[in-house]
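Enquirer: One structure coming up, written as structure tokens, with questions to follow.
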Amino acid sequence: MATEEKKDIDRLKAQIERMEKLSSLGTLSAGIAHEIQNPLNFVINFSKLSVKLVKELIALIDEEKRRMAPAERARHADFEEEAEEIMTDLEGNLQKIESHGCRALDIIRGILLYTRGQDCEKLVETDPAPLVKEYVHLAYHSLRASHKGFNISIREDYAPDLPKVRMVPQDYSRAVLNVMSNACYAVYARSRVAPPDYRPTITIRLLATDGELRLAIEDNGTGMSEEVRRQMFKAFFTTKPAGEGTGLGLSITRSIIEDKHRGRVEVESEEGRFTRVTLVIPLLAPVS
């Protein structure tokens with residue numbers, strides 16, 4: 001058997017093994033996500049309840065103040081002011097816990113929907129800006145978890161009054177996550193060899209025009225050669241070092257955008273300068 005042919009077979013075996021591991025990881029992730037839902041719901045519900053209790057406590061303090069004689073109220077003025085500030089901060093913190101808990105719950109629901117296969121293939125009327133923003137930052141924080149201390153300037157431009165769009169939100173968010181993750185990796189890779197004045201930057205632009213929703217994710221990272229651009233959507237093709245990429249992200253992204261949303265993926269890049277990937281899907285009629 002020729003050496004090159006043997007290498008191709010070994011490479012295919014390694015890719016199949018990675019796919020099996022990813023499949024097992026997906027099943028495990030779905031199980032973990034399902035188990036996390038209950039305690040997360042408790043966190044959200046207790047934070048809501050605690051906000052109500054804080055408001056009741058503030059009302060009780062106000063009622064007690066009204067009952068005090070003016071002289072007594074004057075003696076406790078500093079204490080009352082400090083107590084009110086603490087109560088206000090506490091209420092604000094609880095509201096933030098509820099807000100971030102709800103965001104985490106939305107992510108978990110998306111994971112569960114994605115792992116259920118055909119059950120989640122329905123188009124849903126979705127507000128695109130919050131979804132894009134959430135997964136843009138999810139990809140960024142994922143990179144930072146692996147490369148602590150690495151910072152990226154993210155410039156976001158979301159057109160005002162964007163219409164709701166019929167999409168498969170858990171699939172569209174996967175496409176956003178894949179493209180943004182690649183952009184983060186590209187600027188990280190360039191930062192390792194660039195001069196000290198290099199500033200890793202990713203620009204996000206989301207707008208609706210000519211009956212289409214256009215999301216452009218542009219980075220000033222390593223860019224791509226013509227050869228890489230020709231192969232970038234092939235399954236298992238990757239330019240990342242072994243163990244850092246499966247070569248499936250962009251292949252899945254194109255399938256999501258073109259097959260499920262009847263859209264297209266546009267790519268512009270210049271090696272050593274930038275890459276701009278634009279996800280384009282039609283603005284379908286609203287759900288009746």
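Labels for the structure tokens follow display order: chains A, B, ..., residues from 1 in each chain, ligands from 1.
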So that I can see what lies close to A:Met87, please list as a list in words the residues with an atom at most 12 Å from it, counting only C-alpha atoms and leaving out residues fewer than 2 positions away in the same chain.
Expert: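 So the residues in contact are Ser50, Val51, Lys52, Leu53, Val54, Lys55, Glu56, Leu57, Ile58, Ala59, Ile61, Glu80, Glu81, Glu82, Ala83, Glu84, Glu85, Asp89, Leu90, Glu91, Gly92, Asn93 and Leu94 of chain A.
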Enquirer: I'd like the contact shell of A:Glu271 - 9 Å cut-off, only C-alpha atoms, skipping same-chain residues fewer than 4 positions apart - returned as a count of residues only.
Expert: 7
Enquirer: When you look at stretch 195-208 of chain A with a cut-off of 9 Å (counting only C-alpha atoms), what residues show up, excluding the ones that are within fewer than 5 positions of it in the same chain? I need them as a PyMOL selection string.
Expert: chain A and resi 128-129+132-133+136+151-160+162-163+180+183-184+187-188+190+213-221+283
Enquirer: Would you mind telling me which residue in A:Leu138, A:Val179, A:Ala74, A:Met232 lies nearest to A:Thr253 when using only C-alpha atoms?
Expert: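 Looking at the shortest contact to A:Thr253, the residue is A:Val179.
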Enquirer: Within 12 Å of A:His100, counting only C-alpha atoms, which residues show up once you throw out same-chain ones fewer than 2 positions away? Write them as a count of residues only, please.
Expert: 18
